[in-house]
Every structure is written in C-alpha cells, then in structure tokens.
$ cat structure_38.cif   # mmCIF, C-alpha atoms
data_final
loop_
_atom_site.label_atom_id
_atom_site.label_comp_id
_atom_site.auth_asym_id
_atom_site.auth_seq_id
_atom_site.Cartn_x
_atom_site.Cartn_y
_atom_site.Cartn_z
CA MET A 287 15.64 10.89 -67.89
CA ALA A 288 16.90 8.06 -65.89
CA SER A 289 18.85 5.46 -67.78
CA ALA A 290 17.63 1.87 -67.70
CA LEU A 291 19.45 -0.26 -65.23
CA SER A 292 21.53 -2.96 -66.87
CA PRO A 293 21.47 -6.45 -65.35
CA PRO A 294 24.45 -7.24 -63.18
CA ARG A 295 27.23 -9.07 -64.88
CA VAL A 296 27.68 -12.66 -63.74
CA PRO A 297 31.35 -13.55 -63.54
CA LYS A 298 32.40 -16.48 -65.63
CA PRO A 299 33.19 -19.57 -63.63
CA LYS A 300 36.90 -20.06 -63.27
CA TYR A 301 38.12 -23.57 -63.81
CA VAL A 302 40.39 -24.72 -61.05
CA LEU A 303 43.58 -26.01 -62.54
CA PRO A 304 44.75 -29.33 -61.15
CA SER A 305 47.54 -29.31 -58.60
CA HIS A 306 50.75 -31.09 -59.58
CA TYR A 307 54.03 -31.84 -57.87
CA HIS A 308 55.75 -30.59 -60.99
CA GLU A 309 54.59 -29.28 -64.37
CA SER A 310 56.07 -27.90 -67.57
CA PHE A 311 56.09 -28.46 -71.31
CA LEU A 312 57.11 -31.88 -72.60
CA GLU A 313 57.43 -33.31 -76.07
CA LYS A 314 56.31 -36.93 -76.05
CA LYS A 315 56.75 -39.78 -78.52
CA GLY A 316 55.08 -43.12 -77.83
CA PRO A 317 55.73 -46.53 -79.41
CA ARG A 318 53.12 -45.88 -82.11
CA ASP A 319 53.93 -42.21 -82.76
CA ARG A 320 55.95 -41.18 -85.79
CA ASP A 321 57.15 -37.89 -84.33
CA TYR A 322 57.18 -35.93 -81.08
CA LYS A 323 54.06 -34.12 -79.92
CA LYS A 324 54.16 -31.19 -77.49
CA PHE A 325 52.02 -31.26 -74.33
CA TRP A 326 51.66 -29.44 -71.09
CA ALA A 327 52.49 -32.15 -68.57
CA GLY A 328 51.94 -32.43 -64.84
CA LEU A 329 52.96 -35.06 -62.26
CA GLN A 330 50.46 -35.96 -59.53
CA GLY A 331 50.90 -39.06 -57.42
CA LEU A 332 52.02 -41.96 -59.59
CA THR A 333 50.37 -40.55 -62.71
CA LEU A 334 51.75 -38.30 -65.42
CA TYR A 335 48.98 -36.20 -67.05
CA PHE A 336 49.16 -34.54 -70.48
CA TYR A 337 47.13 -31.47 -71.55
CA ASN A 338 46.84 -29.61 -74.81
CA SER A 339 47.71 -26.32 -73.09
CA ASN A 340 48.55 -25.01 -69.64
CA ARG A 341 45.03 -23.55 -69.34
CA ASP A 342 43.20 -26.84 -69.73
CA SER A 343 41.82 -28.64 -66.71
CA GLN A 344 40.98 -31.88 -68.50
CA HIS A 345 43.85 -34.12 -69.54
CA VAL A 346 43.92 -35.82 -72.94
CA GLU A 347 46.42 -38.58 -72.07
CA LYS A 348 47.99 -40.08 -68.96
CA LEU A 349 50.71 -42.55 -67.99
CA ASP A 350 50.67 -44.81 -64.94
CA LEU A 351 54.07 -44.94 -63.25
CA GLY A 352 53.11 -48.01 -61.23
CA THR A 353 54.92 -50.16 -63.82
CA PHE A 354 58.09 -48.04 -63.68
CA VAL A 355 61.33 -49.80 -64.60
CA LYS A 356 64.00 -47.15 -65.18
CA LEU A 357 64.98 -43.78 -66.71
CA THR A 358 67.65 -43.41 -69.39
CA ASP A 359 69.33 -40.45 -71.10
CA GLU A 360 69.75 -42.02 -74.51
CA ALA A 361 69.12 -39.64 -77.39
CA PRO A 362 67.57 -40.85 -80.67
CA TRP A 363 70.13 -42.30 -83.06
CA GLY A 364 71.26 -39.79 -85.67
CA SER A 365 69.61 -36.83 -83.90
CA SER A 366 71.19 -33.42 -84.51
CA HIS A 367 69.76 -31.96 -81.28
CA ASP A 368 71.52 -31.75 -77.95
CA PRO A 369 71.43 -35.21 -76.31
CA SER A 370 71.06 -33.58 -72.89
CA THR A 371 67.49 -32.61 -73.76
CA HIS A 372 66.27 -36.17 -74.24
CA PHE A 373 65.37 -38.92 -71.78
CA ASN A 374 63.42 -42.15 -71.95
CA LEU A 375 60.86 -43.51 -69.50
CA VAL A 376 60.91 -47.32 -69.52
CA LEU A 377 57.78 -48.98 -68.19
CA ARG A 378 57.03 -52.66 -67.90
CA ASN A 379 55.09 -52.87 -71.15
CA GLN A 380 56.32 -49.88 -73.15
CA GLU A 381 58.98 -47.21 -73.56
CA ILE A 382 58.18 -43.49 -73.92
CA LYS A 383 60.63 -40.94 -75.33
CA PHE A 384 60.65 -37.33 -74.07
CA LYS A 385 62.29 -34.13 -75.27
CA VAL A 386 62.62 -30.99 -73.12
CA GLU A 387 63.97 -27.47 -73.56
CA SER A 388 67.09 -27.69 -71.43
CA LEU A 389 69.32 -29.88 -69.27
CA GLU A 390 67.85 -28.34 -66.11
CA SER A 391 64.31 -29.25 -67.21
CA ARG A 392 65.41 -32.81 -67.92
CA GLU A 393 67.01 -33.21 -64.49
CA MET A 394 63.92 -31.75 -62.81
CA TRP A 395 61.61 -34.23 -64.51
CA LYS A 396 63.84 -37.16 -63.71
CA GLY A 397 64.18 -36.03 -60.09
CA PHE A 398 60.42 -35.72 -59.46
CA ILE A 399 59.63 -39.01 -61.18
CA LEU A 400 62.24 -40.86 -59.10
CA THR A 401 60.98 -39.17 -55.91
CA VAL A 402 57.40 -40.43 -56.24
CA VAL A 403 58.42 -43.86 -57.52
CA GLU A 404 61.17 -44.64 -55.02
CA LEU A 405 59.81 -42.43 -52.19
CA ARG A 406 63.17 -40.73 -51.72
CA VAL A 407 64.90 -37.66 -53.07
CA PRO A 408 67.57 -38.72 -55.59
CA SER A 409 71.13 -37.61 -54.93
CA ASN A 410 72.82 -38.52 -58.23
CA LEU A 411 71.29 -35.75 -60.36
CA THR A 412 72.52 -32.26 -61.23
CA LEU A 413 70.12 -30.26 -59.04
CA LEU A 414 70.23 -27.04 -57.06
CA PRO A 415 69.32 -26.84 -53.34
CA GLY A 416 66.00 -25.20 -54.21
CA HIS A 417 65.16 -28.09 -56.51
CA LEU A 418 65.96 -30.61 -53.77
CA TYR A 419 63.71 -28.72 -51.35
CA MET A 420 60.82 -28.82 -53.84
CA MET A 421 61.28 -32.58 -54.24
CA ALA A 422 61.30 -33.06 -50.46
CA GLU A 423 57.94 -31.28 -50.28
CA ALA A 424 56.59 -33.52 -53.06
CA LEU A 425 57.84 -36.56 -51.13
CA ALA A 426 55.92 -35.55 -47.99
CA LYS A 427 52.72 -35.04 -50.00
CA GLU A 428 53.12 -38.38 -51.74
CA GLU A 429 53.63 -40.21 -48.44
CA ALA A 430 50.51 -38.59 -46.99
CA ARG A 431 48.51 -39.50 -50.08
CA ARG A 432 49.60 -43.12 -50.04
CA ALA A 433 48.75 -43.44 -46.35
CA LEU A 434 45.09 -42.94 -47.32
CA GLU A 435 45.16 -44.89 -50.57
CA MET A 436 45.28 -48.58 -51.30
CA PRO A 437 48.15 -49.71 -53.53
CA SER A 438 47.34 -50.74 -57.08
CA CYS A 439 48.40 -54.33 -56.30
CA PHE A 440 45.70 -54.68 -53.61
CA ILE A 441 42.98 -57.10 -54.75
CA LYS A 442 40.10 -58.45 -52.67
CA VAL A 443 40.71 -62.15 -53.16
CA SER A 444 41.24 -65.16 -50.94
CA ARG A 445 44.57 -66.81 -50.19
CA LEU A 446 44.00 -69.53 -52.79
CA ASP A 447 42.83 -67.09 -55.48
CA ALA A 448 45.89 -64.94 -54.87
CA GLN A 449 48.14 -67.92 -55.53
CA LEU A 450 46.22 -68.79 -58.69
CA LEU A 451 46.39 -65.22 -60.00
CA LEU A 452 50.16 -65.05 -59.55
CA GLU A 453 50.52 -68.43 -61.20
CA ARG A 454 48.20 -67.72 -64.12
CA TYR A 455 49.44 -64.20 -64.97
CA PRO A 456 53.19 -64.06 -64.20
CA GLU A 457 53.63 -61.23 -66.68
CA CYS A 458 51.49 -58.95 -64.46
CA GLY A 459 53.77 -59.20 -61.41
CA ASN A 460 54.65 -61.52 -58.55
CA LEU A 461 53.64 -59.54 -55.42
CA LEU A 462 50.01 -59.18 -54.40
CA LEU A 463 48.32 -57.46 -51.45
CA ARG A 464 45.04 -58.96 -50.18
CA PRO A 465 42.76 -58.78 -47.14
CA SER A 466 43.85 -60.69 -44.08
CA GLY A 467 42.25 -64.08 -43.53
CA ASP A 468 41.54 -63.48 -39.82
CA ASN A 469 38.98 -60.68 -40.49
CA THR A 470 41.12 -57.94 -38.93
CA ASP A 471 42.24 -54.53 -40.16
CA GLY A 472 45.50 -56.03 -41.33
CA VAL A 473 46.42 -57.31 -44.75
CA SER A 474 48.49 -60.14 -46.16
CA VAL A 475 51.24 -60.13 -48.77
CA THR A 476 51.48 -63.05 -51.21
CA THR A 477 54.60 -63.48 -53.34
CA ARG A 478 55.64 -66.05 -55.94
CA GLN A 479 59.25 -66.45 -57.07
CA THR A 480 61.08 -69.10 -59.05
CA LEU A 481 64.05 -70.37 -57.04
CA ASN A 482 66.34 -72.98 -58.62
CA GLY A 483 63.69 -73.73 -61.21
CA THR A 484 60.95 -74.33 -58.61
CA PRO A 485 58.12 -71.82 -57.99
CA VAL A 486 57.94 -70.81 -54.32
CA VAL A 487 54.85 -69.08 -52.87
CA ARG A 488 55.14 -67.20 -49.58
CA HIS A 489 52.59 -65.36 -47.43
CA TYR A 490 53.36 -62.52 -45.00
CA LYS A 491 51.04 -61.02 -42.39
CA VAL A 492 50.87 -57.23 -42.00
CA LYS A 493 49.28 -55.99 -38.75
CA ARG A 494 47.64 -52.61 -38.23
CA GLU A 495 48.94 -50.86 -35.12
CA GLY A 496 47.44 -47.39 -34.94
CA PRO A 497 48.48 -45.36 -37.98
CA LYS A 498 51.32 -47.77 -38.74
CA TYR A 499 51.51 -51.09 -40.57
CA VAL A 500 53.87 -53.68 -39.11
CA ILE A 501 55.25 -56.53 -41.22
CA ASP A 502 55.19 -59.64 -39.02
CA VAL A 503 58.65 -61.15 -39.61
CA GLU A 504 61.51 -62.15 -37.29
CA GLU A 505 62.47 -58.50 -36.95
CA PRO A 506 59.16 -56.57 -37.34
CA VAL A 507 59.27 -53.71 -39.82
CA SER A 508 57.05 -50.66 -39.31
CA CYS A 509 55.71 -48.77 -42.34
CA ALA A 510 53.69 -45.58 -42.59
CA SER A 511 51.34 -46.91 -45.29
CA LEU A 512 50.45 -49.98 -47.28
CA GLN A 513 52.31 -48.57 -50.23
CA ALA A 514 55.37 -48.34 -48.00
CA VAL A 515 54.88 -52.05 -47.24
CA VAL A 516 54.92 -52.84 -50.95
CA ASP A 517 57.95 -50.63 -51.50
CA TYR A 518 59.79 -52.37 -48.66
CA PHE A 519 59.39 -55.78 -50.33
CA VAL A 520 60.45 -54.36 -53.71
CA LEU A 521 63.56 -52.66 -52.35
CA GLN A 522 64.61 -55.56 -50.09
CA THR A 523 64.56 -57.97 -53.03
CA LYS A 524 66.31 -55.48 -55.35
CA LYS A 525 63.20 -55.26 -57.50
CA ALA A 526 62.97 -59.02 -57.93
CA LEU A 527 59.41 -58.67 -56.59
CA VAL A 528 57.14 -56.66 -58.88
CA PRO A 529 53.74 -55.37 -57.69
CA PHE A 530 50.91 -57.24 -59.37
CA LEU A 531 49.00 -54.99 -61.77
CA LEU A 532 46.24 -56.80 -63.59
CA ASP A 533 45.33 -55.51 -67.04
CA GLU A 534 41.76 -54.57 -67.81
CA ASP A 535 41.45 -57.56 -70.15
CA TYR A 536 41.89 -59.99 -67.25
CA GLU A 537 39.37 -61.00 -64.63
CA LYS A 538 40.23 -60.14 -61.02
CA VAL A 539 38.18 -62.92 -59.47
CA LEU A 540 38.61 -66.56 -60.37
CA GLY A 541 35.18 -68.09 -60.68
CA PRO A 542 32.47 -69.20 -63.12
CA ALA A 543 32.54 -67.22 -66.33
CA SER A 544 29.62 -65.03 -67.33
CA ALA A 545 27.10 -66.25 -69.85
CA ALA A 546 28.02 -63.46 -72.27
CA GLY A 547 31.68 -64.34 -72.46
CA VAL A 548 31.53 -68.10 -72.49
CA PRO A 549 29.20 -70.23 -74.61
CA LYS A 550 26.67 -72.30 -72.79
CA GLN A 551 27.58 -75.83 -72.03
CA LEU A 552 26.02 -78.37 -74.33
CA PRO A 553 23.75 -80.98 -72.75
CA PRO A 554 25.37 -84.36 -72.27
CA VAL A 555 25.06 -86.66 -75.25
CA PRO A 556 23.18 -89.86 -74.38
CA VAL A 557 25.26 -92.98 -74.90
CA MET A 558 23.44 -95.39 -77.21
CA PRO A 559 24.14 -99.12 -76.84
CA VAL A 560 26.22 -100.62 -79.61
CA PRO A 561 24.29 -103.11 -81.77
CA GLY A 562 25.23 -106.68 -81.05
CA GLN A 563 25.94 -106.10 -77.38
CA HIS A 564 23.36 -107.67 -75.14
CA LYS A 565 23.05 -107.45 -71.45
CA LEU A 566 23.40 -110.59 -69.42
CA PRO A 567 20.11 -111.85 -67.98
CA PRO A 568 19.74 -111.44 -64.24
CA LEU A 569 20.42 -114.45 -62.07
CA LEU A 570 17.35 -116.18 -60.76
CA ASN A 571 19.01 -117.13 -57.52
CA PRO A 572 21.64 -114.70 -56.23
CA ASP A 573 23.12 -117.45 -54.06
CA GLU A 574 24.12 -119.34 -57.20
CA ASN A 575 26.30 -116.50 -58.49
CA TYR A 576 29.46 -118.56 -58.37
CA VAL A 577 31.75 -119.95 -61.02
CA ILE A 578 33.20 -123.41 -60.48
CA PRO A 579 36.83 -123.46 -61.59
CA ILE A 580 37.96 -126.10 -64.02
CA GLY A 581 40.32 -127.73 -61.57
CA ASP A 582 37.54 -128.34 -59.07
CA THR A 583 35.52 -130.63 -61.37
CA PRO A 584 35.05 -133.98 -59.65
CA ALA A 585 37.14 -136.73 -61.29
CA ALA A 586 35.35 -139.59 -62.96
CA ASP A 587 35.49 -142.89 -61.08
CA TYR A 588 36.45 -145.79 -63.28
CA GLU A 589 36.01 -149.41 -62.16
CA ASN A 590 38.31 -150.68 -64.91
CA GLY A 591 41.80 -149.33 -64.96
CA ASP A 592 42.09 -149.89 -68.69
CA VAL A 593 39.28 -147.54 -69.50
CA PRO A 594 40.68 -144.62 -71.52
CA SER A 595 40.91 -141.23 -69.87
CA PRO A 596 38.17 -138.60 -70.37
CA ALA A 597 40.39 -136.70 -72.82
CA TRP A 598 40.53 -139.71 -75.15
CA LEU A 599 36.85 -140.32 -74.73
CA GLY A 600 36.15 -136.85 -76.12
CA ALA A 601 38.28 -137.60 -79.19
CA LEU A 602 36.73 -140.99 -80.01
CA LYS A 603 33.40 -141.04 -81.77
CA PRO A 604 30.89 -143.32 -80.16
CA LYS A 605 29.64 -146.15 -82.32
CA LYS A 606 25.99 -146.86 -82.66
CA CYS A 607 24.90 -150.15 -81.12
CA HIS A 608 22.24 -151.99 -83.06
CA PRO A 609 19.98 -154.21 -81.02
CA ALA A 610 20.18 -157.91 -81.74
CA PRO A 611 17.42 -159.16 -83.98
CA LYS A 612 14.69 -161.03 -82.19
CA VAL A 613 14.15 -164.59 -83.35
CA GLN A 614 10.59 -165.71 -83.11
CA ALA A 615 10.18 -169.37 -82.15
CA LYS A 616 8.37 -171.44 -84.79
CA PRO A 617 5.26 -173.33 -83.72
CA THR A 618 6.01 -176.88 -82.80
CA LYS A 619 4.99 -179.50 -85.37
CA PRO A 620 3.94 -183.03 -84.56
CA PRO A 621 6.91 -185.33 -84.44
CA THR A 622 7.59 -187.05 -87.70
CA ALA A 623 10.00 -189.73 -88.46
CA PRO A 624 13.20 -188.28 -89.72
CA LYS A 625 14.44 -189.34 -93.10
CA PRO A 626 17.63 -191.27 -93.08
CA GLU A 627 20.51 -189.20 -94.30
CA PRO A 628 23.93 -190.24 -95.42
CA LYS A 629 26.73 -190.22 -92.88
CA GLY A 630 28.73 -187.64 -94.83
CA LEU A 631 25.95 -185.19 -94.68
CA THR A 632 25.41 -185.87 -91.00
CA SER A 633 29.05 -185.30 -90.09
CA SER A 634 29.24 -182.09 -92.10
CA LEU A 635 26.09 -180.78 -90.54
CA THR A 636 27.44 -181.61 -87.11
CA LYS A 637 30.64 -179.69 -87.81
CA LYS A 638 28.72 -176.62 -89.12
CA LEU A 639 26.52 -176.59 -86.07
CA ALA A 640 29.51 -176.89 -83.79
CA VAL A 641 31.28 -173.98 -85.52
CA SER A 642 28.14 -171.84 -85.52
CA SER A 643 27.47 -172.63 -81.91
CA ALA A 644 31.07 -171.68 -81.03
CA GLN A 645 30.86 -168.36 -82.91
CA ALA A 646 27.39 -167.41 -81.74
CA LEU A 647 26.88 -164.88 -78.98
CA PHE A 648 24.27 -165.27 -76.32
CA PRO A 649 23.13 -161.81 -75.41
CA THR A 650 19.48 -162.88 -74.75
CA THR A 651 17.58 -165.90 -73.39
CA GLY A 652 15.72 -166.49 -76.70
CA LEU A 653 18.88 -167.56 -78.54
CA ALA A 654 19.81 -169.96 -75.74
CA ASP A 655 16.44 -171.77 -76.08
CA VAL A 656 16.88 -172.19 -79.85
CA THR A 657 20.30 -173.72 -79.40
CA ALA A 658 19.06 -176.16 -76.77
CA GLU A 659 16.25 -177.29 -79.11
CA LEU A 660 18.70 -177.91 -81.95
CA GLU A 661 20.97 -179.95 -79.72
CA GLU A 662 18.01 -182.05 -78.59
CA LYS A 663 17.01 -182.76 -82.22
CA LEU A 664 20.57 -183.72 -83.05
CA GLN A 665 20.73 -186.20 -80.23
CA ARG A 666 17.44 -187.82 -81.33
CA ARG A 667 18.73 -188.15 -84.88
CA ARG A 668 21.90 -189.78 -83.70
CA ALA A 669 19.89 -192.17 -81.60
CA LEU A 670 17.82 -193.20 -84.60
CA GLU A 671 20.90 -193.80 -86.70
CA HIS A 672 22.30 -196.23 -84.19
#

$ encode --input "structure_38.cif" --output "structure tokens"
Amino acid sequence: MASALSPPRVPKPKYVLPSHYHESFLEKKGPRDRDYKKFWAGLQGLTLYFYNSNRDSQHVEKLDLGTFVKLTDEAPWGSSHDPSTHFNLVLRNQEIKFKVESLESREMWKGFILTVVELRVPSNLTLLPGHLYMMAEALAKEEARRALEMPSCFIKVSRLDAQLLLERYPECGNLLLRPSGDNTDGVSVTTRQTLNGTPVVRHYKVKREGPKYVIDVEEPVSCASLQAVVDYFVLQTKKALVPFLLDEDYEKVLGPASAAGVPKQLPPVPVMPVPGQHKLPPLLNPDENYVIPIGDTPAADYENGDVPSPAWLGALKPKKCHPAPKVQAKPTKPPTAPKPEPKGLTSSLTKKLAVSSAQALFPTTGLADVTAELEEKLQRRRALEH
C-alpha cells in the first residue's frame, strides 16, 4: 500500500541581518538610566544601532553620531571594575556611558567611531595591524556612502532663510548646506560665527565638477562628496564650525505658521470716537483755508495822537451815552405887557441866565432857538424899564 505523499516542506524565511562596520556586545547607560543595560550593538554609517540579541534584525534604540564631540576613558567614580573597560561618548546634547568586556574591545569601538566621524584611521590607539586594516575598509565604505548621500546639515532653504535659521537657533549649529542660488548642480555653504562680539555671516560656493565638489575659494579645494565639504570646514576651523542639525521640534522653513499650531488672528477692533471730540466742519471755500497771523493785523489809524492805544481801549468799559432830552417849543402867546419888577430881581435873574447860558451845551439846533428867544425877551424887558 502506497504511503500518502506529504506536502513539501517550505523553508522558513531567513531574516537578513544588517551589515555593520563593526559589531559586538555593549553595555549602555544613558542620562536617564539608573544602571547599565546590555545590547548587541552595530555601527553603520554615522549611526550606532542597538539590538536585544545578535539574532535580531530590528533595532530597539539608535544613536546619531552627527553631533559627536569627543570620546573619553573616564570610569565611573567609585567603580570596582577595571577602568580600561569603560569609555564615554560625548554628543552635543548628551553623554552616554559604555562598558565592554576588555581593553581590546574598547579600543576597537573607539577606533571605528573615530574613523567614521573624522573620516580617517586613528593612529593614537592601541590597535593591531589587522584592526587598522579593518578600519581602512570601513573608511572606504563610508566615503562611498557619503558620496551618494546628502549631509544632515543640508536644508532646502534660500540664502535669507539660511541666515535666519542660523541666527534663530544657534544651539543647533553654525554651518548650513543649501542649494545654490544660480540653479546649478552646485551647493552653497552658509556659516555664522561671532568674531570680537559681532556676528559674521559668510557664504561659500561649491561647484560640481564631474564626481568631485570644488570649494570656490582663493585656492580651490576638491572634495569627493558633500560630506567631505562639510568635514573640510569643520577641520579647517578646528571644530569652531558645527554642522547645523535642526531638532524635530523646530520648523525647517521660515514662513506663515499653520492654523493648527497658531491661533487665528483676531479681527481688528474698530476704534470708536471719544465722546466730546467733534470733527471740524468742512470749509465752504477751499481757497479761504488760510490763517492770518496776529502780527499781520492792519493797525488802526488814529486821527488824534492822544487817543489811547487799542490795548487800553479793551481794558476800559465804554460808557453809555444818553441822548439829550428834546425840548418842545411852547406855543406863542399874544404879547402882554410885562409887569414891572424890582431891580434886584431883574439883576439876579440876569445873572442866573448868564450863568446858565455859559454852562449850557448846544448839541442841537432846538436849544439854540430857545436861548435866542430868551435873550430877545430880556432885551424887550430892559427896554421897557428904561
């Protein structure tokens, strides 16, 4: 009896382990960790990956070496372990402590990290010729990778935006790579340094000539990649220039903020007129829109020099002038013979009339007629007496 054919076995898919320049076990302690934690670590490019085991293909943590500052061999204070198995990785914004199994492992890790960061094989470490050869191979791979990769400090911004970014976020670096303004394959380098207390911004043009990048200065410098251009500026200034690495919390483009992040602008508040303030009425004749100065007022013409000046006239109060009373002439009576009067009375009457006539004013013609009539009567009476 023929046995039933069993289905063919399908081989399990094998996970391809990532390729690293160097890999081994590392015990890591971050700024927030209380104790060391053991990982399988691997270095690829400018990134240090951490895995739970050497069989895992997916990392659980990673460190960017783009903000590398230095390596130190300081052991934790009061540690009973061999200080040669400890080293510290100092980055721009944090410091990570590592512990390895031996001095050789420590020197290997330091050598590979310095090789990819400085793009040269270090010569001041305790390494064997085979170790140096492995680092030279890693250097060639890193240079080839960077030739096809844009540096982390490359941002697609204009010349003005590059200046503003370096000014606004000095803690993120002071060297920025941006597209060239002449629409060519080249790029431009923008730097910002404080010299003698004054910020100085400089721009450098980098031309593309075949597979090379040439820095356009007095003595042109040829570089194999854009990352080599950045490294040239960093090394020539003794790390005074730091590649600009913008954090994820910052915006890369300076422009109007999104509606979700910034509250909407309130409508403008209308300005209400203050009570008591009134607008001036419009002029009826625009040609009369002139103001005569005080000094141009025509002076008053006075016929009499003794007339007081206008300033005194304003201080004196005018007196009211009452019109002279009108004297109505009595109807003429028929002439009658006058009664004889004593001489004493006649002389006194004559004196009174003379005094009254001397004191009287003659503002009108009616008073003059009355006086003439009285004088005529007086003369008639004198004639009768004689």

$ atom_distance --input "structure_38.cif" --atom1 "atom CA of A:Leu527" --atom2 "atom CA of A:Lys383"
25.8 Å

$ residues_around --input "structure_38.cif" --residues "stretch 332-336 of chain A" --least-positions-apart "5" --cutoff "6 Å" --atoms "all atoms listed in the file" --output "short mmCIF file (atom, residue, chain, number, x, y, z; two decimals) with C-alpha atoms, in the frame of the given file"
data_model
loop_
_atom_site.label_atom_id
_atom_site.label_comp_id
_atom_site.auth_asym_id
_atom_site.auth_seq_id
_atom_site.Cartn_x
_atom_site.Cartn_y
_atom_site.Cartn_z
CA PHE A 325 52.02 -31.26 -74.33
CA TRP A 326 51.66 -29.44 -71.09
CA ALA A 327 52.49 -32.15 -68.57
CA HIS A 345 43.85 -34.12 -69.54
CA VAL A 346 43.92 -35.82 -72.94
CA GLU A 347 46.42 -38.58 -72.07
CA LYS A 348 47.99 -40.08 -68.96
CA LEU A 349 50.71 -42.55 -67.99
CA ASP A 350 50.67 -44.81 -64.94
CA LEU A 351 54.07 -44.94 -63.25
#

$ residues_around --input "structure_38.cif" --residues "stretch 394-408 of chain A" --least-positions-apart "5" --cutoff "8 Å" --atoms "all atoms listed in the file" --output "list in words"
Tyr307, His308, Leu329, Gly331, Leu332, Leu351, Gly352, Phe354, Leu357, Leu413, His417, Leu418, Met421, Ala422, Ala424, Leu425, Glu428, Glu429 and Asp517 of chain A

$ atom_distance --input "structure_38.cif" --atom1 "atom CA of A:Phe384" --atom2 "atom CA of A:Glu313"
5.5 Å

$ residues_near_point --input "structure_38.cif" --point "(53.1, -44.7, -43.8)" --cutoff "9 Å" --atoms "all atoms listed in the file" --output "PyMOL selection string"
chain A and resi 429-430+432-434+497-499+508-515

$ atom_distance --input "structure_38.cif" --atom1 "atom CA of A:Cys458" --atom2 "atom CA of A:Arg478"
11.8 Å

$ residues_around --input "structure_38.cif" --residues "A:Arg488" --least-positions-apart "4" --cutoff "12 Å" --atoms "all atoms listed in the file" --output "PyMOL selection string"
chain A and resi 445-446+448-449+452+460-462+474-480+527

$ resolve_selection --input "structure_38.cif" --expression "the PyMOL selection byres ((chain A and resi 387) around 10)" --output "PDB file with C-alpha atoms, in the frame of the given file"
ATOM      1  CA  SER A 310      56.070 -27.900 -67.570  1.00  0.00           C
ATOM      2  CA  PHE A 311      56.090 -28.460 -71.310  1.00  0.00           C
ATOM      3  CA  LEU A 312      57.110 -31.880 -72.600  1.00  0.00           C
ATOM      4  CA  GLU A 313      57.430 -33.310 -76.070  1.00  0.00           C
ATOM      5  CA  ASP A 368      71.520 -31.750 -77.950  1.00  0.00           C
ATOM      6  CA  SER A 370      71.060 -33.580 -72.890  1.00  0.00           C
ATOM      7  CA  THR A 371      67.490 -32.610 -73.760  1.00  0.00           C
ATOM      8  CA  HIS A 372      66.270 -36.170 -74.240  1.00  0.00           C
ATOM      9  CA  LYS A 385      62.290 -34.130 -75.270  1.00  0.00           C
ATOM     10  CA  VAL A 386      62.620 -30.990 -73.120  1.00  0.00           C
ATOM     11  CA  SER A 388      67.090 -27.690 -71.430  1.00  0.00           C
ATOM     12  CA  LEU A 389      69.320 -29.880 -69.270  1.00  0.00           C
ATOM     13  CA  GLU A 390      67.850 -28.340 -66.110  1.00  0.00           C
ATOM     14  CA  SER A 391      64.310 -29.250 -67.210  1.00  0.00           C
ATOM     15  CA  ARG A 392      65.410 -32.810 -67.920  1.00  0.00           C
TER      16      ARG A 392
END

$ resolve_selection --input "structure_38.cif" --expression "the PyMOL selection byres ((chain A and resi 375-381) around 6)" --output "PyMOL selection string"
chain A and resi 353-357+374+382
